[in-house]
>>> print(open('data_25.cif').read())   # mmCIF, C-alpha atoms
data_run
loop_
_atom_site.label_atom_id
_atom_site.label_comp_id
_atom_site.auth_asym_id
_atom_site.auth_seq_id
_atom_site.Cartn_x
_atom_site.Cartn_y
_atom_site.Cartn_z
CA MET A 1016 0.00 0.00 0.00
CA ALA A 1017 2.85 2.38 0.84
CA PHE A 1018 4.39 1.71 -2.56
CA ILE A 1019 1.08 2.46 -4.29
CA ARG A 1020 0.67 5.70 -2.32
CA ARG A 1021 4.21 6.82 -3.22
CA THR A 1022 3.64 5.98 -6.88
CA THR A 1023 0.35 7.90 -6.88
CA ILE A 1024 1.97 10.96 -5.27
CA ILE A 1025 4.82 10.93 -7.81
CA CYS A 1026 2.37 10.67 -10.71
CA LEU A 1027 0.25 13.52 -9.35
CA PHE A 1028 3.39 15.63 -8.92
CA ILE A 1029 4.44 15.03 -12.52
CA ILE A 1030 0.97 15.88 -13.82
CA SER A 1031 0.86 19.06 -11.71
CA MET A 1032 4.25 20.24 -13.00
CA ALA A 1033 3.20 19.58 -16.59
CA ALA A 1034 0.02 21.59 -16.06
CA ILE A 1035 1.96 24.50 -14.56
CA ALA A 1036 4.41 24.49 -17.46
CA GLY A 1037 1.53 24.47 -19.94
CA CYS A 1038 -0.16 27.44 -18.27
CA GLY A 1039 2.89 29.59 -18.78
CA ARG A 1040 3.20 29.07 -22.52
CA GLY A 1041 0.93 31.91 -23.60
CA THR A 1042 -2.23 32.08 -25.67
CA VAL A 1043 -0.87 31.03 -29.05
CA ASN A 1044 1.54 28.35 -27.79
CA ALA A 1045 -1.30 26.77 -25.83
CA GLU A 1046 -3.20 26.55 -29.12
CA SER A 1047 -0.38 24.33 -30.45
CA GLU A 1048 -1.85 21.46 -28.46
CA ARG A 1049 -5.46 22.13 -29.37
CA TYR A 1050 -7.15 20.33 -32.25
CA GLY A 1051 -10.58 20.70 -33.71
CA SER A 1052 -12.53 17.59 -34.56
CA THR A 1053 -10.97 14.45 -35.95
CA GLY A 1054 -12.33 15.22 -39.40
CA PRO A 1055 -10.29 14.69 -42.57
CA LYS A 1056 -9.53 18.38 -43.20
CA LYS A 1057 -6.34 19.74 -41.65
CA ILE A 1058 -5.22 23.36 -41.11
CA ALA A 1059 -1.77 24.48 -39.99
CA VAL A 1060 -0.72 27.90 -38.71
CA VAL A 1061 3.01 28.62 -38.86
CA MET A 1062 4.06 31.63 -36.79
CA ALA A 1063 7.29 33.25 -38.01
CA ALA A 1064 10.38 32.54 -35.94
CA SER A 1065 11.19 36.26 -35.79
CA GLY A 1066 8.39 36.71 -33.28
CA LYS A 1067 7.77 40.27 -34.58
CA LEU A 1068 4.00 40.02 -34.55
CA GLU A 1069 1.55 41.63 -32.17
CA GLN A 1070 -0.12 39.20 -29.79
CA GLU A 1071 -3.50 40.65 -30.74
CA ILE A 1072 -2.93 39.65 -34.39
CA LYS A 1073 -1.76 36.16 -33.43
CA ASP A 1074 -4.82 35.62 -31.27
CA SER A 1075 -7.12 36.97 -33.98
CA VAL A 1076 -5.67 34.60 -36.60
CA VAL A 1077 -5.98 31.60 -34.28
CA ALA A 1078 -9.56 32.59 -33.38
CA GLY A 1079 -10.49 32.56 -37.07
CA VAL A 1080 -8.86 29.15 -37.54
CA ARG A 1081 -10.56 27.72 -34.47
CA LYS A 1082 -13.98 28.95 -35.59
CA ALA A 1083 -13.52 27.53 -39.09
CA ALA A 1084 -12.29 24.19 -37.72
CA ASP A 1085 -15.35 23.87 -35.51
CA ASP A 1086 -17.75 24.79 -38.32
CA LEU A 1087 -16.10 22.69 -41.05
CA ASP A 1088 -15.28 19.50 -39.16
CA ALA A 1089 -11.51 20.08 -39.39
CA GLN A 1090 -8.50 19.77 -37.16
CA TYR A 1091 -5.74 22.34 -36.79
CA LYS A 1092 -2.36 22.89 -35.23
CA VAL A 1093 -0.36 26.03 -34.47
CA PHE A 1094 3.40 25.87 -34.96
CA ALA A 1095 4.76 28.53 -32.61
CA PRO A 1096 8.26 30.04 -32.92
CA GLY A 1097 10.74 27.49 -31.60
CA ASP A 1098 8.58 24.41 -32.14
CA LEU A 1099 10.83 23.38 -35.04
CA VAL A 1100 14.22 24.56 -36.30
CA ASN A 1101 13.07 27.49 -38.44
CA ASN A 1102 10.26 28.80 -40.66
CA GLU A 1103 11.15 26.61 -43.64
CA GLU A 1104 11.29 23.48 -41.49
CA SER A 1105 7.84 24.23 -40.03
CA LEU A 1106 6.30 24.91 -43.45
CA ARG A 1107 7.77 21.72 -44.91
CA PHE A 1108 6.64 19.67 -41.92
CA ALA A 1109 3.05 20.90 -42.35
CA ALA A 1110 3.09 20.18 -46.09
CA GLU A 1111 4.65 16.73 -45.67
CA ASN A 1112 2.00 15.81 -43.09
CA SER A 1113 -0.88 16.52 -45.46
CA TYR A 1114 -2.21 19.73 -43.98
CA ASN A 1115 -4.62 20.94 -46.66
CA LEU A 1116 -4.20 24.63 -45.85
CA VAL A 1117 -1.14 26.29 -44.29
CA LEU A 1118 -1.24 29.86 -43.02
CA ALA A 1119 2.21 31.48 -42.87
CA ILE A 1120 2.04 34.41 -40.45
CA GLY A 1121 4.68 36.96 -39.48
CA GLU A 1122 7.53 39.13 -40.69
CA GLY A 1123 10.04 37.51 -43.06
CA ILE A 1124 8.20 34.23 -43.49
CA GLU A 1125 7.31 34.95 -47.13
CA GLU A 1126 10.95 34.30 -48.12
CA ASP A 1127 10.73 30.76 -46.74
CA LEU A 1128 7.29 30.29 -48.28
CA GLN A 1129 8.74 31.14 -51.69
CA LYS A 1130 11.15 28.21 -51.29
CA VAL A 1131 8.57 25.73 -50.01
CA ALA A 1132 5.35 26.41 -51.95
CA PRO A 1133 6.62 25.27 -55.41
CA ASP A 1134 7.56 21.87 -53.96
CA TYR A 1135 3.98 21.18 -52.80
CA PRO A 1136 1.61 22.35 -55.57
CA ASP A 1137 -1.35 20.48 -54.04
CA ILE A 1138 -1.09 22.30 -50.70
CA LYS A 1139 -2.82 25.65 -50.33
CA PHE A 1140 -0.84 28.41 -48.59
CA VAL A 1141 -1.93 31.80 -47.25
CA THR A 1142 0.21 34.71 -46.08
CA PHE A 1143 -0.32 38.40 -45.39
CA ASP A 1144 1.20 41.33 -47.30
CA GLY A 1145 3.90 39.24 -48.95
CA ALA A 1146 5.24 38.97 -52.50
CA VAL A 1147 5.14 35.22 -53.20
CA GLU A 1148 4.11 34.54 -56.78
CA GLU A 1149 2.94 30.92 -56.83
CA PRO A 1150 -0.46 29.63 -57.99
CA ASN A 1151 -1.05 27.83 -54.69
CA VAL A 1152 -0.30 30.88 -52.51
CA ALA A 1153 -2.89 33.53 -51.62
CA ILE A 1154 -1.43 36.92 -50.61
CA VAL A 1155 -3.90 38.71 -48.35
CA SER A 1156 -3.90 42.45 -47.73
CA PHE A 1157 -6.31 44.83 -46.05
CA ASN A 1158 -7.90 47.80 -47.77
CA GLU A 1159 -6.63 50.26 -45.18
CA ASP A 1160 -7.52 53.12 -47.54
CA GLU A 1161 -11.15 52.64 -46.52
CA GLY A 1162 -10.24 52.67 -42.83
CA ALA A 1163 -8.08 55.79 -43.27
CA PHE A 1164 -10.92 57.44 -45.22
CA LEU A 1165 -13.23 56.82 -42.27
CA ALA A 1166 -10.58 58.23 -39.93
CA GLY A 1167 -10.58 61.40 -42.05
CA VAL A 1168 -14.38 61.60 -41.85
CA ALA A 1169 -14.15 61.11 -38.07
CA ALA A 1170 -11.44 63.78 -37.58
CA ALA A 1171 -13.31 66.30 -39.73
CA SER A 1172 -16.50 65.62 -37.76
CA LEU A 1173 -14.78 66.13 -34.38
CA THR A 1174 -12.58 69.17 -35.02
CA ARG A 1175 -13.51 72.56 -33.60
CA THR A 1176 -10.53 74.44 -35.01
CA ASN A 1177 -10.94 73.35 -38.64
CA LEU A 1178 -7.38 72.02 -38.49
CA VAL A 1179 -6.59 68.31 -38.09
CA GLY A 1180 -3.32 66.39 -38.12
CA PHE A 1181 -1.87 63.22 -39.61
CA LEU A 1182 1.08 61.56 -37.85
CA GLY A 1183 2.99 58.96 -39.86
CA GLY A 1184 6.03 56.80 -39.19
CA SER A 1185 8.07 56.48 -42.38
CA MET A 1186 7.65 58.90 -45.27
CA ILE A 1187 8.44 56.11 -47.74
CA SER A 1188 6.18 53.43 -46.24
CA ALA A 1189 2.52 52.49 -46.48
CA ASP A 1190 1.79 55.41 -44.16
CA ARG A 1191 1.74 57.63 -47.26
CA LYS A 1192 -1.29 55.70 -48.47
CA LEU A 1193 -2.91 56.14 -45.06
CA GLU A 1194 -2.38 59.89 -45.38
CA SER A 1195 -3.97 59.83 -48.82
CA GLY A 1196 -7.05 57.99 -47.57
CA PHE A 1197 -7.27 60.28 -44.54
CA ALA A 1198 -7.14 63.37 -46.76
CA ARG A 1199 -9.96 62.05 -48.93
CA GLY A 1200 -12.10 61.52 -45.84
CA VAL A 1201 -11.52 65.10 -44.71
CA GLN A 1202 -12.23 66.42 -48.20
CA TYR A 1203 -15.45 64.39 -48.31
CA ILE A 1204 -16.72 66.30 -45.26
CA ASN A 1205 -15.52 69.60 -46.76
CA THR A 1206 -17.47 68.90 -49.93
CA THR A 1207 -20.67 67.51 -48.41
CA GLU A 1208 -20.91 69.92 -45.49
CA GLY A 1209 -19.39 73.06 -47.02
CA LYS A 1210 -16.44 73.22 -44.62
CA SER A 1211 -12.83 74.31 -45.15
CA ILE A 1212 -10.92 71.95 -42.83
CA LYS A 1213 -7.17 71.70 -43.43
CA ILE A 1214 -4.60 69.01 -42.59
CA LYS A 1215 -1.07 69.16 -41.22
CA ALA A 1216 0.94 66.01 -41.90
CA SER A 1217 4.09 65.10 -39.99
CA TYR A 1218 6.38 62.04 -40.26
CA ALA A 1219 8.79 60.58 -37.73
CA GLY A 1220 11.45 59.59 -40.28
CA VAL A 1221 12.25 57.64 -43.42
CA THR A 1222 12.71 54.08 -42.09
CA ASP A 1223 10.26 51.51 -40.75
CA LYS A 1224 11.82 51.95 -37.30
CA ALA A 1225 10.61 55.55 -37.21
CA ALA A 1226 7.15 54.47 -36.06
CA GLY A 1227 8.53 52.60 -33.06
CA ASP A 1228 9.58 55.56 -30.90
CA PRO A 1229 6.81 56.78 -28.56
CA GLU A 1230 8.85 59.82 -27.47
CA ARG A 1231 9.21 60.90 -31.08
CA GLY A 1232 5.49 60.41 -31.52
CA LYS A 1233 4.79 62.58 -28.50
CA THR A 1234 7.09 65.36 -29.73
CA LEU A 1235 5.48 65.42 -33.18
CA ALA A 1236 1.95 65.30 -31.76
CA GLN A 1237 2.79 68.11 -29.31
CA ASN A 1238 3.92 70.24 -32.23
CA LEU A 1239 0.73 69.57 -34.16
CA PHE A 1240 -1.40 70.46 -31.14
CA TRP A 1241 0.61 73.59 -30.33
CA THR A 1242 0.20 74.86 -33.88
CA GLY A 1243 -3.58 74.72 -33.88
CA THR A 1244 -4.75 71.17 -34.59
CA ASP A 1245 -7.18 69.61 -32.13
CA VAL A 1246 -7.56 66.12 -33.65
CA VAL A 1247 -4.62 63.96 -34.81
CA PHE A 1248 -4.76 60.60 -36.58
CA SER A 1249 -1.69 58.48 -35.79
CA GLY A 1250 -0.58 55.60 -38.01
CA PRO A 1251 0.60 52.18 -36.76
CA GLY A 1252 3.40 51.64 -34.28
CA ASN A 1253 4.39 52.64 -30.75
CA MET A 1254 4.41 56.24 -31.89
CA ALA A 1255 0.68 56.27 -31.15
CA ASN A 1256 1.38 55.80 -27.42
CA GLY A 1257 3.35 59.04 -27.38
CA ALA A 1258 0.65 60.81 -29.36
CA ALA A 1259 -1.93 59.67 -26.81
CA SER A 1260 0.23 61.10 -24.02
CA ALA A 1261 0.43 64.43 -25.86
CA ALA A 1262 -3.35 64.44 -26.30
CA SER A 1263 -3.82 63.90 -22.58
CA GLU A 1264 -1.50 66.77 -21.65
CA ASN A 1265 -3.07 69.15 -24.18
CA ARG A 1266 -6.69 68.09 -23.75
CA LYS A 1267 -6.94 67.16 -27.41
CA ILE A 1268 -7.97 64.07 -29.38
CA VAL A 1269 -6.00 61.27 -31.02
CA LEU A 1270 -7.41 58.76 -33.48
CA SER A 1271 -5.24 55.65 -33.66
CA SER A 1272 -4.50 52.43 -35.54
CA ASP A 1273 -4.39 50.61 -32.19
CA LEU A 1274 -7.72 49.31 -30.87
CA GLN A 1275 -6.25 48.27 -27.53
CA LEU A 1276 -4.87 51.76 -26.98
CA MET A 1277 -8.34 53.19 -27.56
CA LYS A 1278 -9.85 50.75 -25.07
CA LYS A 1279 -7.20 51.71 -22.52
CA LEU A 1280 -7.50 55.50 -23.01
CA PRO A 1281 -11.00 56.10 -24.42
CA TRP A 1282 -11.19 59.76 -23.41
CA ASN A 1283 -8.03 60.74 -25.30
CA VAL A 1284 -7.93 58.08 -28.02
CA SER A 1285 -11.43 58.56 -29.34
CA GLY A 1286 -11.31 56.23 -32.33
CA ALA A 1287 -9.32 53.42 -33.92
CA LEU A 1288 -8.75 51.87 -37.34
CA VAL A 1289 -9.31 48.13 -36.99
CA LYS A 1290 -7.98 45.24 -39.09
CA ASN A 1291 -9.97 42.07 -38.42
CA HIS A 1292 -7.75 39.06 -39.16
CA GLU A 1293 -10.30 36.67 -37.65
CA ASN A 1294 -12.97 37.37 -40.29
CA VAL A 1295 -10.49 37.20 -43.17
CA VAL A 1296 -8.95 33.92 -42.02
CA TYR A 1297 -12.35 32.33 -41.45
CA ASN A 1298 -13.59 33.31 -44.94
CA LEU A 1299 -10.37 32.10 -46.60
CA ILE A 1300 -10.60 28.71 -44.93
CA LYS A 1301 -14.23 28.31 -45.98
CA LYS A 1302 -13.25 29.08 -49.58
CA ALA A 1303 -10.29 26.71 -49.45
CA PHE A 1304 -12.42 23.77 -48.32
CA GLY A 1305 -15.23 24.75 -50.67
CA GLU A 1306 -12.90 24.45 -53.67
CA GLU A 1307 -13.09 28.21 -54.25
CA PHE A 1308 -9.48 28.88 -53.31
CA THR A 1309 -7.28 30.67 -55.84
CA GLY A 1310 -3.76 32.01 -55.51
CA GLY A 1311 -2.65 35.58 -56.03
CA LYS A 1312 -3.37 38.88 -54.31
CA LYS A 1313 -6.59 39.23 -52.32
CA VAL A 1314 -7.73 42.57 -50.91
CA TYR A 1315 -10.36 42.62 -48.17
CA GLY A 1316 -12.09 45.78 -47.03
CA LEU A 1317 -15.01 47.17 -45.12
CA ALA A 1318 -17.70 45.14 -46.92
CA ALA A 1319 -15.91 41.88 -46.02
CA GLY A 1320 -15.59 42.88 -42.36
CA ALA A 1321 -11.81 43.07 -42.73
CA VAL A 1322 -11.33 46.75 -41.90
CA ASP A 1323 -13.37 49.17 -39.84
CA PHE A 1324 -13.15 52.38 -37.87
CA VAL A 1325 -14.74 52.50 -34.44
CA PHE A 1326 -15.32 55.22 -31.87
CA SER A 1327 -14.88 55.10 -28.10
CA GLN A 1328 -17.69 55.98 -25.72
CA ALA A 1329 -16.31 59.53 -25.50
CA VAL A 1330 -17.71 60.46 -28.92
CA PRO A 1331 -21.22 61.97 -29.14
CA GLN A 1332 -23.94 59.77 -30.56
CA GLU A 1333 -24.67 62.08 -33.48
CA VAL A 1334 -21.06 61.84 -34.68
CA SER A 1335 -21.11 58.05 -34.34
CA ALA A 1336 -24.37 57.88 -36.28
CA LYS A 1337 -22.92 59.99 -39.09
CA LEU A 1338 -19.90 57.70 -39.39
CA GLU A 1339 -22.13 54.61 -39.50
CA ALA A 1340 -24.13 56.17 -42.33
CA VAL A 1341 -20.92 56.81 -44.28
CA LYS A 1342 -19.88 53.17 -43.72
CA GLU A 1343 -23.12 51.91 -45.22
CA GLN A 1344 -22.64 54.12 -48.27
CA LEU A 1345 -19.09 52.79 -48.67
CA LYS A 1346 -20.27 49.19 -48.50
CA LYS A 1347 -22.89 49.83 -51.17
CA GLY A 1348 -20.41 51.61 -53.42
CA GLN A 1349 -22.28 54.91 -53.14
CA ILE A 1350 -19.08 56.59 -51.94
CA LYS A 1351 -15.88 55.90 -53.89
CA PRO A 1352 -12.93 57.37 -51.96
CA ALA A 1353 -10.49 56.95 -54.89
CA SER A 1354 -12.61 59.30 -57.01
CA ILE A 1355 -12.46 62.17 -54.50
CA GLN A 1356 -10.13 64.89 -55.73
CA VAL A 1357 -7.88 66.37 -53.03
CA PRO A 1358 -6.83 70.00 -53.67
CA PRO A 1359 -3.09 70.65 -53.16
CA GLU A 1360 -3.72 73.26 -50.49
CA LEU A 1361 -5.60 70.79 -48.28
CA VAL A 1362 -2.46 69.20 -46.80
CA THR A 1363 0.52 71.05 -45.33
CA GLN A 1364 3.57 68.83 -44.92
CA VAL A 1365 5.54 69.73 -41.77
CA SER A 1366 9.15 68.95 -42.69
CA ASN A 1367 10.81 70.03 -39.43
CA VAL A 1368 9.78 70.11 -35.80
CA PRO A 1369 9.75 73.72 -34.51
CA VAL A 1370 10.01 72.67 -30.88
CA ASP A 1371 13.01 73.48 -28.66
CA LEU A 1372 13.29 70.34 -26.55
CA ASN A 1373 15.74 72.08 -24.23
CA LYS A 1374 13.18 74.60 -23.12
CA GLN A 1375 11.50 74.09 -19.80
CA GLN A 1376 8.27 72.18 -20.07
CA PRO A 1377 5.18 72.90 -17.96
CA ALA A 1378 5.72 71.94 -14.33
CA GLN A 1379 2.39 70.17 -14.20
CA SER A 1380 0.38 68.81 -17.10
CA PRO A 1381 -3.33 69.58 -17.35
CA PRO A 1382 -5.50 66.75 -16.03
CA THR A 1383 -6.66 64.05 -18.43
CA ARG A 1384 -10.09 64.67 -19.88
CA THR A 1385 -12.67 62.69 -17.90
CA ASN A 1386 -15.98 64.18 -19.02
CA PRO A 1387 -17.62 61.81 -21.53
CA ASP A 1388 -19.85 64.62 -22.80
CA ASP A 1389 -16.81 66.69 -23.76
CA ALA A 1390 -15.73 64.60 -26.76
CA THR A 1391 -13.04 66.96 -28.00
CA GLY A 1392 -11.48 67.64 -24.64
CA GLN A 1393 -12.12 71.38 -24.98
CA ASN A 1394 -14.53 73.03 -22.61
CA GLY A 1395 -15.82 76.56 -22.61
CA ASN A 1396 -13.19 78.58 -20.74
CA ASN A 1397 -10.11 76.72 -21.88
CA GLN A 1398 -10.97 76.31 -25.55
CA ASN A 1399 -8.28 78.60 -26.96
CA LYS A 1400 -5.55 78.07 -24.36
CA GLN A 1401 -2.37 76.14 -25.12
CA PRO A 1402 -0.49 74.36 -22.33
CA GLY A 1403 2.55 75.84 -20.73
CA GLN A 1404 2.01 79.53 -21.54
CA ASN A 1405 4.86 81.74 -20.30
CA GLN A 1406 6.97 78.67 -19.55
CA GLY A 1407 9.17 78.50 -22.62
CA THR A 1408 6.76 76.70 -24.95
CA PRO A 1409 5.96 78.01 -28.45
CA ARG A 1410 3.70 81.01 -28.69
CA GLU A 1411 -0.04 80.43 -28.81
CA PRO A 1412 -1.48 80.30 -32.32
CA ASN A 1413 -4.58 82.26 -33.14
CA ALA A 1414 -6.65 79.13 -33.56
CA GLY A 1415 -10.26 79.34 -34.56
CA THR A 1416 -12.90 78.13 -32.15
CA GLY A 1417 -15.64 76.95 -34.41
CA PRO A 1418 -16.38 75.43 -37.80
CA GLY A 1419 -16.68 78.83 -39.43
CA GLN A 1420 -13.39 80.27 -38.23
CA PRO A 1421 -10.04 79.59 -39.92
CA PRO A 1422 -7.11 78.21 -37.94
CA GLY A 1423 -4.26 80.46 -36.93
CA GLU A 1424 -0.86 80.71 -38.55
CA PRO A 1425 1.63 77.93 -37.70
CA VAL A 1426 4.49 78.58 -35.33
CA ASN A 1427 7.11 77.93 -37.99
CA PRO A 1428 5.57 78.42 -41.43
CA GLY A 1429 9.01 78.41 -43.06
CA ASN A 1430 9.35 74.67 -42.53
CA GLU A 1431 6.05 73.74 -44.08
CA GLN A 1432 4.94 73.06 -47.63
CA ASN A 1433 1.45 72.79 -49.02
CA THR A 1434 1.28 69.47 -50.79
CA GLY A 1435 -1.52 67.10 -51.47
CA PRO A 1436 -1.21 63.40 -50.75
CA GLY A 1437 0.26 61.15 -53.40
CA PRO A 1438 -1.96 59.22 -55.78
CA VAL A 1439 -3.57 56.04 -54.62
CA THR A 1440 -1.80 53.00 -55.98
#
>>> encode(input="data_25.cif", output="structure tokens")
Amino acid sequence: MAFIRRTTIICLFIISMAAIAGCGRGTVNAESERYGSTGPKKIAVVMAASGKLEQEIKDSVVAGVRKAADDLDAQYKVFAPGDLVNNEESLRFAAENSYNLVLAIGEGIEEDLQKVAPDYPDIKFVTFDGAVEEPNVAIVSFNEDEGAFLAGVAAASLTRTNLVGFLGGSMISADRKLESGFARGVQYINTTEGKSIKIKASYAGVTDKAAGDPERGKTLAQNLFWTGTDVVFSGPGNMANGAASAASENRKIVLSSDLQLMKKLPWNVSGALVKNHENVVYNLIKKAFGEEFTGGKKVYGLAAGAVDFVFSQAVPQEVSAKLEAVKEQLKKGQIKPASIQVPPELVTQVSNVPVDLNKQQPAQSPPTRTNPDDATGQNGNNQNKQPGQNQGTPREPNAGTGPGQPPGEPVNPGNEQNTGPGPVT
């Protein structure tokens, strides 16, 4: 009996340790052990070994796979970074083991997919924003132009100074297309509502790393706010965190490409551009198992539930209702953003940052906006005041206070150029 008790205790200890180890593996790694049904269809998800992928995207992809597996009587497995030697090894393992559909997710994995896909012509592969040209590989991208267009509509509907801002990471990246879509959204409101809202656009740099510096984002957003803008749309990257901080200190508004940031700071980050990987993955899997799968580039937008723009609870209901009406018109093709002509004078490119970082900053920042009825963060007595007056910050612009009043002159007009956004490609 003693021997049996000792054996039982040892077994329970081993099981407990295994359970503890499994709990610490994280959301996606835990999915590596989870299968759908025992049906004949098999789906593999290969996460890139680089690991440079937001957890929210990973979870969204896996959620779409899980839902499809449950609905289609399929099984699936997630190959997390480190499960096998490298990306190519994981892709080949999935193909050799008769997975009907393989999703290759993450930065740099398209290079390995280009090597593997030609060797397995009967296996269907999916990746995002890559450049693999094989008939059995679907390249999925999101129509962010529609989301940026909606961000422009939102900014133009929220501004009180008739001056809004665009904050991008790299001047030679996809952020230029976001600026273009944003400008068309602003111009749509100008045209339909007879307004004269202008845009100031500022970029953090010329490399992809430019969008990763929150302090740089804060500096650029501060400059936009101090020169008269009251709503700024920030592109992807950690830069948005700095922009949100600047909005809090200046009692202004940021619109972001980060849904989680909006949920965390709803009174300062009043809206977010959303890319829904779950819906796209689910629809792709249904097509693949319904013999509707084809290789090549696939673009998914608002109508497919792939992109969206959502407001936080800080935004008034009438503004939210207006945005929803615009969305419905977009889905029906009644609004065609690409056909909207943007006048050159609409966008002013800010090429330098006229902020002396060595000057003393305000000793105490204004409190974060907490009134849900004050959607723009500007209330009656403080509407025209800029933070840090008489404390070494740039002089106060003569900003307008309503839709009918033009914005004031910028602090450093010599470093700005009036240029419209580049053509949509």
>>> resolve_selection(input="data_25.cif", expression="the PyMOL selection byres ((chain A and resi 1131-1148) around 6)", output="number ranges by chain")
A: 1115-1120, 1125, 1128-1130, 1149, 1151-1156
>>> write_last_selection(input="data_25.cif", atoms="C-alpha atoms", output="tab-separated table (two decimals), in the coordinates of the input")
chain	number	residue	atom	x	y	z
A	1115	ASN	CA	-4.62	20.94	-46.66
A	1116	LEU	CA	-4.20	24.63	-45.85
A	1117	VAL	CA	-1.14	26.29	-44.29
A	1118	LEU	CA	-1.24	29.86	-43.02
A	1119	ALA	CA	2.21	31.48	-42.87
A	1120	ILE	CA	2.04	34.41	-40.45
A	1125	GLU	CA	7.31	34.95	-47.13
A	1128	LEU	CA	7.29	30.29	-48.28
A	1129	GLN	CA	8.74	31.14	-51.69
A	1130	LYS	CA	11.15	28.21	-51.29
A	1149	GLU	CA	2.94	30.92	-56.83
A	1151	ASN	CA	-1.05	27.83	-54.69
A	1152	VAL	CA	-0.30	30.88	-52.51
A	1153	ALA	CA	-2.89	33.53	-51.62
A	1154	ILE	CA	-1.43	36.92	-50.61
A	1155	VAL	CA	-3.90	38.71	-48.35
A	1156	SER	CA	-3.90	42.45	-47.73
>>> residues_around(input="data_25.cif", residues="range 1202-1209 of chain A", least_positions_apart="4", cutoff="12 Å", atoms="all atoms listed in the file", output="number ranges by chain")
A: 1164-1174, 1177-1179, 1195-1198, 1213-1214, 1337-1338, 1341, 1350-1362, 1418-1419, 1435-1436
>>> write_last_selection(input="data_25.cif", atoms="C-alpha atoms", output="compact mmCIF listing (two decimals), keeping the file's coordinate frame")
# COMPACT_ATOMS: atom_id res chain seq x y z
CA PHE A 1164 -10.92 57.44 -45.22
CA LEU A 1165 -13.23 56.82 -42.27
CA ALA A 1166 -10.58 58.23 -39.93
CA GLY A 1167 -10.58 61.40 -42.05
CA VAL A 1168 -14.38 61.60 -41.85
CA ALA A 1169 -14.15 61.11 -38.07
CA ALA A 1170 -11.44 63.78 -37.58
CA ALA A 1171 -13.31 66.30 -39.73
CA SER A 1172 -16.50 65.62 -37.76
CA LEU A 1173 -14.78 66.13 -34.38
CA THR A 1174 -12.58 69.17 -35.02
CA ASN A 1177 -10.94 73.35 -38.64
CA LEU A 1178 -7.38 72.02 -38.49
CA VAL A 1179 -6.59 68.31 -38.09
CA SER A 1195 -3.97 59.83 -48.82
CA GLY A 1196 -7.05 57.99 -47.57
CA PHE A 1197 -7.27 60.28 -44.54
CA ALA A 1198 -7.14 63.37 -46.76
CA LYS A 1213 -7.17 71.70 -43.43
CA ILE A 1214 -4.60 69.01 -42.59
CA LYS A 1337 -22.92 59.99 -39.09
CA LEU A 1338 -19.90 57.70 -39.39
CA VAL A 1341 -20.92 56.81 -44.28
CA ILE A 1350 -19.08 56.59 -51.94
CA LYS A 1351 -15.88 55.90 -53.89
CA PRO A 1352 -12.93 57.37 -51.96
CA ALA A 1353 -10.49 56.95 -54.89
CA SER A 1354 -12.61 59.30 -57.01
CA ILE A 1355 -12.46 62.17 -54.50
CA GLN A 1356 -10.13 64.89 -55.73
CA VAL A 1357 -7.88 66.37 -53.03
CA PRO A 1358 -6.83 70.00 -53.67
CA PRO A 1359 -3.09 70.65 -53.16
CA GLU A 1360 -3.72 73.26 -50.49
CA LEU A 1361 -5.60 70.79 -48.28
CA VAL A 1362 -2.46 69.20 -46.80
CA PRO A 1418 -16.38 75.43 -37.80
CA GLY A 1419 -16.68 78.83 -39.43
CA GLY A 1435 -1.52 67.10 -51.47
CA PRO A 1436 -1.21 63.40 -50.75
>>> residues_around(input="data_25.cif", residues="range 1343-1347 of chain A", least_positions_apart="4", cutoff="8 Å", atoms="all atoms listed in the file", output="list of chain:residue names")
A:Leu1317, A:Ala1318, A:Glu1339, A:Lys1351
>>> closest_residue(input="data_25.cif", among="A:Asp1190, A:Glu1307, A:Asp1323, A:Glu1230", to="Gly1162 in chain A", atoms="only C-alpha atoms")
A:Asp1323
>>> residues_near_point(input="data_25.cif", point="(4.5, 68.0, -39.7)", cutoff="6 Å", atoms="all atoms listed in the file", output="list in words")
Lys1215, Ala1216, Ser1217, Gln1364, Val1365 and Ser1366 of chain A
>>> resolve_selection(input="data_25.cif", expression="the PyMOL selection byres ((chain A and resi 1071) around 12)", output="PyMOL selection string")
chain A and resi 1042-1043+1067-1070+1072-1078+1273-1276+1289-1293
>>> closest_residue(input="data_25.cif", among="A:Ile1187, A:Phe1326, A:Lys1092, A:Val1295", to="Asn1158 in chain A", atoms="all atoms listed in the file")
A:Val1295
>>> resolve_selection(input="data_25.cif", expression="the PyMOL selection byres ((chain A and resi 1240) around 9)", output="ChimeraX atom specification")
/A:1179-1180,1235-1239,1241-1247,1261-1262,1265,1267,1401
>>> atom_distance(input="data_25.cif", atom1="CA of Gly1121 in chain A", atom2="CA of Met1062 in chain A")
6.0 Å
>>> closest_residue(input="data_25.cif", among="A:Glu1194, A:Ala1321, A:Val1334, A:Lys1342", to="Phe1157 in chain A", atoms="all atoms listed in the file")
A:Ala1321
>>> atom_distance(input="data_25.cif", atom1="CA of Val1269 in chain A", atom2="CA of Ala1189 in chain A")
19.7 Å
>>> atom_distance(input="data_25.cif", atom1="CA of Arg1175 in chain A", atom2="CA of Pro1251 in chain A")
25.0 Å
>>> closest_residue(input="data_25.cif", among="A:Val1314, A:Ile1058, A:Ser1188, A:Glu1159", to="Ala1084 in chain A", atoms="only C-alpha atoms")
A:Ile1058
